Structures are given as C-alpha cells and as structure tokens.
$ cat protein.cif   # mmCIF, C-alpha atoms
data_input
loop_
_atom_site.label_atom_id
_atom_site.label_comp_id
_atom_site.auth_asym_id
_atom_site.auth_seq_id
_atom_site.Cartn_x
_atom_site.Cartn_y
_atom_site.Cartn_z
CA MET C 1 -9.16 -13.25 24.61
CA GLN C 2 -10.16 -12.28 21.12
CA ILE C 3 -8.70 -9.77 18.69
CA GLN C 4 -10.07 -8.39 15.45
CA LEU C 5 -7.67 -8.71 12.56
CA LYS C 6 -8.36 -6.30 9.70
CA LEU C 7 -7.31 -7.97 6.46
CA TYR C 8 -5.37 -6.37 3.61
CA GLY C 9 -3.79 -7.61 0.40
CA SER C 10 -3.13 -11.35 0.18
CA SER C 11 -4.41 -11.90 3.74
CA LYS C 12 -7.90 -11.35 2.33
CA MET C 13 -7.69 -14.99 1.19
CA LEU C 14 -8.24 -15.92 4.85
CA SER C 15 -11.84 -14.71 4.90
CA ASP C 16 -14.63 -13.23 2.78
CA LYS C 17 -15.08 -10.61 5.50
CA GLU C 18 -12.86 -7.58 6.07
CA ILE C 19 -12.24 -8.52 9.70
CA LEU C 20 -11.24 -11.92 11.05
CA ASN C 21 -11.91 -12.59 14.74
CA ILE C 22 -9.04 -14.59 16.24
CA GLU C 23 -9.06 -16.37 19.60
CA LEU C 24 -5.77 -16.08 21.49
CA PRO C 25 -4.56 -17.04 24.98
CA ASN C 26 -4.74 -14.20 27.53
CA ASN C 27 -1.73 -11.83 27.53
CA SER C 28 -0.82 -12.72 23.96
CA ASN C 29 1.56 -10.59 21.94
CA ILE C 30 2.20 -10.21 18.20
CA GLU C 31 4.52 -13.23 18.24
CA THR C 32 1.62 -15.39 19.50
CA LEU C 33 -0.58 -13.91 16.81
CA ARG C 34 1.96 -14.93 14.16
CA SER C 35 1.94 -18.57 15.40
CA THR C 36 -1.86 -18.64 15.51
CA LEU C 37 -2.00 -17.18 12.03
CA ASN C 38 0.26 -19.98 10.80
CA LYS C 39 -2.16 -22.56 12.21
CA ILE C 40 -5.13 -20.83 10.57
CA ILE C 41 -3.31 -20.80 7.22
CA SER C 42 -2.65 -24.56 7.53
CA GLU C 43 -6.24 -25.31 8.60
CA LYS C 44 -7.59 -23.41 5.61
CA CYS C 45 -5.15 -25.24 3.28
CA LEU C 46 -3.65 -21.95 2.12
CA LYS C 47 0.00 -22.93 2.67
CA ASN C 48 0.71 -22.75 -1.06
CA ASN C 49 -0.58 -19.19 -1.33
CA LEU C 50 0.31 -17.72 2.07
CA GLU C 51 3.33 -19.74 3.12
CA ASN C 52 5.41 -16.76 4.31
CA LEU C 53 2.61 -14.45 5.41
CA SER C 54 3.01 -14.92 9.16
CA LYS C 55 6.75 -14.29 8.83
CA THR C 56 6.76 -11.35 6.43
CA ALA C 57 3.64 -9.43 7.50
CA ALA C 58 3.84 -6.34 9.68
CA PHE C 59 1.00 -5.39 12.03
CA PHE C 60 -0.48 -1.94 12.60
CA SER C 61 -2.14 -0.84 15.83
CA ALA C 62 -5.37 1.16 15.69
CA THR C 63 -3.22 4.31 15.35
CA ASP C 64 -1.65 2.90 12.14
CA GLU C 65 1.80 2.44 13.66
CA VAL C 66 3.88 -0.72 13.11
CA VAL C 67 3.97 -2.75 16.33
CA ASN C 68 6.80 -5.15 17.14
CA ASP C 69 6.59 -8.79 18.23
CA ASN C 70 6.59 -7.93 21.94
CA TYR C 71 3.53 -5.70 21.64
CA LYS C 72 0.93 -6.92 24.16
CA LEU C 73 -2.50 -7.35 22.63
CA LYS C 74 -5.65 -6.27 24.44
CA ASN C 75 -8.96 -8.09 24.40
CA LYS C 76 -11.10 -6.98 21.38
CA GLU C 77 -8.22 -4.88 20.02
CA LEU C 78 -8.33 -4.03 16.32
CA ILE C 79 -5.06 -4.88 14.58
CA SER C 80 -4.34 -4.56 10.85
CA ILE C 81 -2.25 -7.16 9.08
CA ILE C 82 0.10 -5.60 6.52
CA PRO C 83 1.43 -8.18 4.03
CA PRO C 84 4.44 -7.09 1.93
CA ILE C 85 3.46 -3.97 -0.02
CA GLY C 86 3.88 -3.03 -3.66
CA GLY C 87 1.91 -0.09 -4.96
CA GLY C 88 2.58 2.26 -7.83
CA MET Z 1 -1.87 25.12 -1.42
CA THR Z 2 1.05 23.24 -2.96
CA LEU Z 3 0.27 19.63 -2.04
CA HIS Z 4 -2.62 17.37 -3.04
CA THR Z 5 -2.72 13.68 -2.12
CA ALA Z 6 -5.66 11.34 -2.59
CA ILE Z 7 -6.79 7.76 -2.99
CA VAL Z 8 -9.25 7.50 -5.85
CA LYS Z 9 -11.92 4.80 -5.56
CA THR Z 10 -12.23 3.52 -9.10
CA GLU Z 11 -15.92 2.68 -8.90
CA GLU Z 12 -16.62 6.36 -8.14
CA ASN Z 13 -13.99 8.30 -10.03
CA LYS Z 14 -10.98 8.26 -12.36
CA ILE Z 15 -7.55 9.80 -11.93
CA SER Z 16 -7.32 12.88 -14.15
CA SER Z 17 -4.08 14.22 -15.58
CA GLU Z 18 -5.89 17.45 -16.53
CA GLU Z 19 -6.70 18.15 -12.87
CA ALA Z 20 -3.09 17.43 -11.97
CA LYS Z 21 -1.76 19.85 -14.60
CA LYS Z 22 -4.07 22.60 -13.35
CA PHE Z 23 -3.08 21.98 -9.73
CA ILE Z 24 0.70 22.24 -10.25
CA LEU Z 25 0.56 25.29 -12.53
CA SER Z 26 2.52 28.08 -10.88
CA GLU Z 27 4.23 31.24 -12.16
CA GLN Z 28 7.21 30.66 -9.88
CA ASN Z 29 7.83 27.13 -11.19
CA GLY Z 30 9.35 26.79 -14.66
CA ALA Z 31 9.55 22.98 -14.81
CA GLU Z 32 6.86 20.31 -14.69
CA SER Z 33 7.35 16.57 -14.44
CA ILE Z 34 4.43 14.18 -14.68
CA PHE Z 35 4.60 10.44 -14.08
CA VAL Z 36 1.61 8.36 -15.13
CA GLY Z 37 1.52 4.69 -14.15
CA ARG Z 38 -0.91 2.49 -16.07
CA VAL Z 39 -1.89 -1.16 -15.82
CA ARG Z 40 -0.09 -3.09 -18.54
CA ASN Z 41 -1.30 -6.18 -20.33
CA GLU Z 42 1.55 -8.52 -19.41
CA ASN Z 43 3.56 -9.50 -16.35
CA SER Z 44 6.09 -12.35 -16.11
CA GLY Z 45 4.74 -13.93 -19.28
CA LYS Z 46 1.12 -13.86 -18.13
CA GLU Z 47 -1.57 -11.96 -19.98
CA VAL Z 48 -3.10 -9.45 -17.57
CA THR Z 49 -6.61 -8.02 -17.96
CA ALA Z 50 -6.75 -5.82 -14.86
CA VAL Z 51 -5.32 -5.15 -11.43
CA THR Z 52 -7.24 -4.71 -8.19
CA TYR Z 53 -5.52 -2.31 -5.80
CA ASP Z 54 -6.11 -2.71 -2.08
CA VAL Z 55 -5.18 0.23 0.12
CA HIS Z 56 -4.92 0.96 3.85
CA ASP Z 57 -6.50 4.39 3.40
CA GLN Z 58 -5.39 6.26 6.53
CA ALA Z 59 -1.84 4.89 6.52
CA VAL Z 60 -1.42 5.56 2.81
CA ILE Z 61 -2.53 9.19 3.06
CA LYS Z 62 -0.24 9.64 6.06
CA SER Z 63 2.68 8.11 4.12
CA PHE Z 64 1.92 10.16 0.98
CA GLN Z 65 1.99 13.40 2.96
CA SER Z 66 5.18 12.44 4.75
CA ILE Z 67 6.92 11.36 1.51
CA CYS Z 68 5.90 14.54 -0.35
CA SER Z 69 6.94 16.72 2.55
CA ASP Z 70 10.34 14.97 2.66
CA ALA Z 71 10.70 15.43 -1.11
CA LYS Z 72 10.06 19.15 -0.80
CA SER Z 73 12.55 19.49 2.05
CA LYS Z 74 15.20 17.58 0.09
CA PHE Z 75 14.82 19.15 -3.33
CA ASP Z 76 12.63 22.28 -3.48
CA LYS Z 77 10.44 23.65 -0.71
CA ASN Z 78 8.42 25.66 -3.26
CA ALA Z 79 7.53 22.65 -5.40
CA SER Z 80 3.86 21.88 -6.06
CA ILE Z 81 2.92 18.21 -5.90
CA PHE Z 82 -0.21 16.36 -7.02
CA LEU Z 83 -0.31 12.66 -6.08
CA GLU Z 84 -3.20 10.26 -6.59
CA HIS Z 85 -3.34 6.44 -6.43
CA ALA Z 86 -6.20 4.21 -7.51
CA LYS Z 87 -8.09 1.89 -5.15
CA GLY Z 88 -10.17 -0.94 -6.60
CA TYR Z 89 -10.41 -2.56 -10.03
CA VAL Z 90 -8.27 -0.96 -12.76
CA SER Z 91 -8.42 -2.34 -16.31
CA VAL Z 92 -5.44 -2.57 -18.65
CA GLY Z 93 -4.53 0.88 -19.98
CA GLU Z 94 -6.13 2.78 -17.11
CA ILE Z 95 -4.17 4.97 -14.69
CA SER Z 96 -3.12 3.44 -11.37
CA ILE Z 97 -0.92 6.29 -10.12
CA LEU Z 98 -0.25 9.87 -11.12
CA ILE Z 99 2.51 12.06 -9.74
CA ALA Z 100 2.70 15.61 -11.04
CA VAL Z 101 5.37 18.01 -9.84
CA SER Z 102 6.19 21.61 -10.66
CA SER Z 103 9.45 23.09 -9.48
CA ALA Z 104 11.68 26.06 -10.24
CA HIS Z 105 14.06 23.92 -12.34
CA ARG Z 106 13.90 20.65 -14.32
CA ASP Z 107 16.41 18.70 -12.23
CA GLU Z 108 14.40 19.11 -9.04
CA ALA Z 109 11.11 18.34 -10.82
CA PHE Z 110 12.50 15.03 -12.17
CA LYS Z 111 14.11 14.13 -8.85
CA ILE Z 112 11.00 14.80 -6.79
CA CYS Z 113 8.85 12.72 -9.14
CA ARG Z 114 11.28 9.76 -9.00
CA TYR Z 115 11.79 10.06 -5.24
CA ILE Z 116 8.06 9.96 -4.53
CA LEU Z 117 7.48 6.91 -6.73
CA GLU Z 118 10.32 4.88 -5.19
CA GLU Z 119 9.35 5.82 -1.64
CA ILE Z 120 5.72 4.81 -2.22
CA LYS Z 121 6.83 1.35 -3.31
CA HIS Z 122 8.68 0.89 0.02
CA LYS Z 123 6.49 2.80 2.47
CA SER Z 124 2.84 3.01 1.42
CA PRO Z 125 0.58 0.06 2.29
CA ILE Z 126 -0.85 -0.70 -1.15
CA TRP Z 127 -1.30 -4.17 -2.65
CA LYS Z 128 -1.88 -5.44 -6.20
CA LYS Z 129 -3.97 -8.42 -7.28
CA GLU Z 130 -3.52 -9.24 -10.95
CA HIS Z 131 -6.38 -10.70 -12.99
CA TYR Z 132 -5.38 -12.93 -15.90
CA ILE Z 133 -7.00 -13.72 -19.22
CA GLU Z 134 -7.56 -17.36 -18.13
CA GLY Z 135 -9.85 -16.09 -15.34
CA ASN Z 136 -7.46 -16.72 -12.43
CA GLU Z 137 -5.92 -14.06 -10.19
CA GLN Z 138 -2.91 -13.60 -7.94
CA TRP Z 139 -1.72 -11.22 -5.20
CA LEU Z 140 1.75 -9.99 -6.11
CA PRO Z 141 4.74 -10.25 -3.75
CA GLY Z 142 6.16 -7.05 -2.31
CA TYR Z 143 8.32 -5.29 0.25
CA SER Z 144 7.92 -6.29 3.91
CA LEU Z 145 7.30 -3.52 6.45
CA ARG Z 146 8.15 -5.87 9.32
CA PRO Z 147 11.16 -4.53 11.25
CA LYS Z 148 14.17 -6.25 9.61
CA GLU Z 149 15.77 -7.27 12.93
CA GLU Z 150 12.67 -9.40 13.67
CA ILE Z 151 12.77 -11.47 10.47
CA LYS Z 152 14.78 -14.64 11.21
#

$ encode --input "protein.cif" --output "structure tokens"
Amino acid sequence: MQIQLKLYGSSKMLSDKEILNIELPNNSNIETLRSTLNKIISEKCLKNNLENLSKTAAFFSATDEVVNDNYKLKNKELISIIPPIGGG
Amino acid sequence: MTLHTAIVKTEENKISSEEAKKFILSEQNGAESIFVGRVRNENSGKEVTAVTYDVHDQAVIKSFQSICSDAKSKFDKNASIFLEHAKGYVSVGEISILIAVSSAHRDEAFKICRYILEEIKHKSPIWKKEHYIEGNEQWLPGYSLRPKEEIK
C-alpha cells in the first residue's frame, strides 16, 4: 500500500514537494509509518537534522485530528506529519 | 462580530495593527491590550535576517477559534479579539503575530492576550525556519503534539 504524507515544518527537508508518497506493507499503522520514516531519514542522510522526527512528530488524519500509533492506515490515505510546533 | 482570526500570507498582505484597533473598538469595553510579535535580529547568538513561517492552515484556524473561545469563556464573554499570524517569509522587524483584545476591564484584557499567546505556542501547528546572515537556515525545535503516553 501507499500513503501520501503531507510535509510541514522541518519534515520539508525530506522532499522538495509538499507531499511524499511512502510505500508501506498492507495493514500498516502509524507505528509502522514511524519506522519507515526513520529509514527514509537515514537513506537521505538527514540523521543530523531530523534525528528525533519520527519519535516526536504527531500525525493528523484528513480531518486534522491527531491519530495515535494504533491508527490503521488506508491505501492512498492523506496523512499530515506534524513536527514539534513553535509559532508566535 | 467579536472574533477575527486569520493567517496572513506574507507575499500577498501584511498584518495591520490599525485594522486590529478598529476591529476591537467597542463602547462596552473600556480596556484594550495589544500584543505585537516581530521577528528579531538575533537568536542564541546567531544573527537572524528573517523567519519563514510554515502553517497547517485548517488546523491553525480551528485551534485559533477554539483558543479564543476558551479565553472568552474563562475571562470575559463580551471581549472582542483580533488574532492574525503570518505565513511565509517575514524579515527582521516585521510582524509575525498580532493579538488585540478589548474587554470591560484591564485585568481581563491582559489575561486574555497572554492566554492566547501561550496556548498558540502549545496548540497551533506553526513552524519557524530562521534565516541567518551567513546564508544558512534552520528549523527551530518546538513542542511535540504527539500524545505524551506514546513517547518512550
């Protein structure tokens, strides 16, 4: 299956595009997405900049609600990655 | 109407304190408190030239409305609130956030203004990327929205 990850904040270092398509095993949940994200960060040699991203980021569903690690992802689902925030 | 919240795209518009003052003006409110946040030229010993603000538009507007509504319930239901935050590239000296509040009395006006600012920092999905005089840039650390019980 594939999900679309909408990038915000520091996660924008992962791609020049706003959305990153990520391949995941069928029936994946947010926890699987975190592990996959860690691999992508290593592959792109971004460990120095995004070391804690997969651990500290929250994820929003398409309805802009935080989803927990057990949330089952659907094929082609749009998920937003929410790195630690700091506006104002 | 007693509440205005908006994200201002900096390539199209600027945040205006004059608009805010007009919006909160009310004969029933005798106190006004205005907080203006601007990009400053230094952070942690580094010379800053600008900040780029990234914003999750829908979630931020939802959080702004919820925070302002909570503030009114807590302190003064008749308060008028004007809240705008910049999105995009903001140079040193320019406004990044403006919170204007009018309330019946000064204490509530100050409290509402402070409450909104602190809540935004912990609830509204906004991110800052600082640009430095040397030409490099850096996303700043922040507050995690991941449920605390999940972080091991």

$ resolve_selection --input "protein.cif" --expression "the PyMOL selection byres ((chain C) within 6 of (chain Z))" --output "list in words"
Gly9, Ser10, Thr56, Ala58, Asp64, Pro84, Ile85, Gly86, Gly87 and Gly88 of chain C

$ closest_residue --input "protein.cif" --among "C:Thr36, C:Ala62, C:Asn49, C:Asn21" --to "Glu137 in chain Z" --atoms "only C-alpha atoms"
C:Asn49

$ atom_distance --input "protein.cif" --atom1 "CA of Glu130 in chain Z" --atom2 "CA of Ser44 in chain Z"
11.3 Å

$ closest_residue --input "protein.cif" --among "C:Ile30, C:Ile19, C:Leu73, C:Met13" --to "Cys45 in chain C" --atoms "all atoms listed in the file"
C:Met13

$ closest_residue --input "protein.cif" --among "C:Glu77, C:Leu20, C:Glu43, C:Lys72" --to "Tyr8 in chain C" --atoms "all atoms listed in the file"
C:Leu20

$ resolve_selection --input "protein.cif" --expression "the PyMOL selection byres ((chain C and resi 22) around 7)" --output "ChimeraX atom specification"
/C:2-4,20-21,23-24

$ residues_around --input "protein.cif" --residues "Cys113 in chain Z" --least-positions-apart "2" --cutoff "12 Å" --atoms "all atoms listed in the file" --output "short mmCIF file (atom, residue, chain, number, x, y, z; two decimals) with C-alpha atoms, in the frame of the given file"
data_model
loop_
_atom_site.label_atom_id
_atom_site.label_comp_id
_atom_site.auth_asym_id
_atom_site.auth_seq_id
_atom_site.Cartn_x
_atom_site.Cartn_y
_atom_site.Cartn_z
CA ALA Z 31 9.55 22.98 -14.81
CA GLU Z 32 6.86 20.31 -14.69
CA SER Z 33 7.35 16.57 -14.44
CA ILE Z 34 4.43 14.18 -14.68
CA PHE Z 35 4.60 10.44 -14.08
CA VAL Z 36 1.61 8.36 -15.13
CA GLY Z 37 1.52 4.69 -14.15
CA ILE Z 67 6.92 11.36 1.51
CA CYS Z 68 5.90 14.54 -0.35
CA ALA Z 71 10.70 15.43 -1.11
CA LYS Z 72 10.06 19.15 -0.80
CA PHE Z 75 14.82 19.15 -3.33
CA ASP Z 76 12.63 22.28 -3.48
CA ALA Z 79 7.53 22.65 -5.40
CA SER Z 80 3.86 21.88 -6.06
CA ILE Z 81 2.92 18.21 -5.90
CA PHE Z 82 -0.21 16.36 -7.02
CA LEU Z 83 -0.31 12.66 -6.08
CA ILE Z 97 -0.92 6.29 -10.12
CA LEU Z 98 -0.25 9.87 -11.12
CA ILE Z 99 2.51 12.06 -9.74
CA ALA Z 100 2.70 15.61 -11.04
CA VAL Z 101 5.37 18.01 -9.84
CA SER Z 102 6.19 21.61 -10.66
CA SER Z 103 9.45 23.09 -9.48
CA ARG Z 106 13.90 20.65 -14.32
CA ASP Z 107 16.41 18.70 -12.23
CA GLU Z 108 14.40 19.11 -9.04
CA ALA Z 109 11.11 18.34 -10.82
CA PHE Z 110 12.50 15.03 -12.17
CA LYS Z 111 14.11 14.13 -8.85
CA TYR Z 115 11.79 10.06 -5.24
CA ILE Z 116 8.06 9.96 -4.53
CA LEU Z 117 7.48 6.91 -6.73
CA GLU Z 118 10.32 4.88 -5.19
CA GLU Z 119 9.35 5.82 -1.64
CA ILE Z 120 5.72 4.81 -2.22
#

$ atom_distance --input "protein.cif" --atom1 "CA of Leu78 in chain C" --atom2 "CA of Glu12 in chain Z"
27.8 Å

$ resolve_selection --input "protein.cif" --expression "the PyMOL selection byres ((chain C and resi 29) around 10)" --output "MDAnalysis selection string"
chainID C and resid 24:28 30:34 67:74

$ atom_distance --input "protein.cif" --atom1 "CA of Lys77 in chain Z" --atom2 "CA of Arg114 in chain Z"
16.2 Å

$ closest_residue --input "protein.cif" --among "Z:Glu19, Z:Glu47, Z:Glu27, Z:Glu11" --to "Ala104 in chain Z" --atoms "all atoms listed in the file"
Z:Glu27

$ residues_around --input "protein.cif" --residues "Lys47 in chain C" --least-positions-apart "5" --cutoff "12 Å" --atoms "all atoms listed in the file" --output "PyMOL selection string"
chain C and resi 11+13-14+37-42+52-54

$ closest_residue --input "protein.cif" --among "Z:Ile112, Z:Ile15, Z:Val92, Z:Leu3" --to "Ala50 in chain Z" --atoms "only C-alpha atoms"
Z:Val92
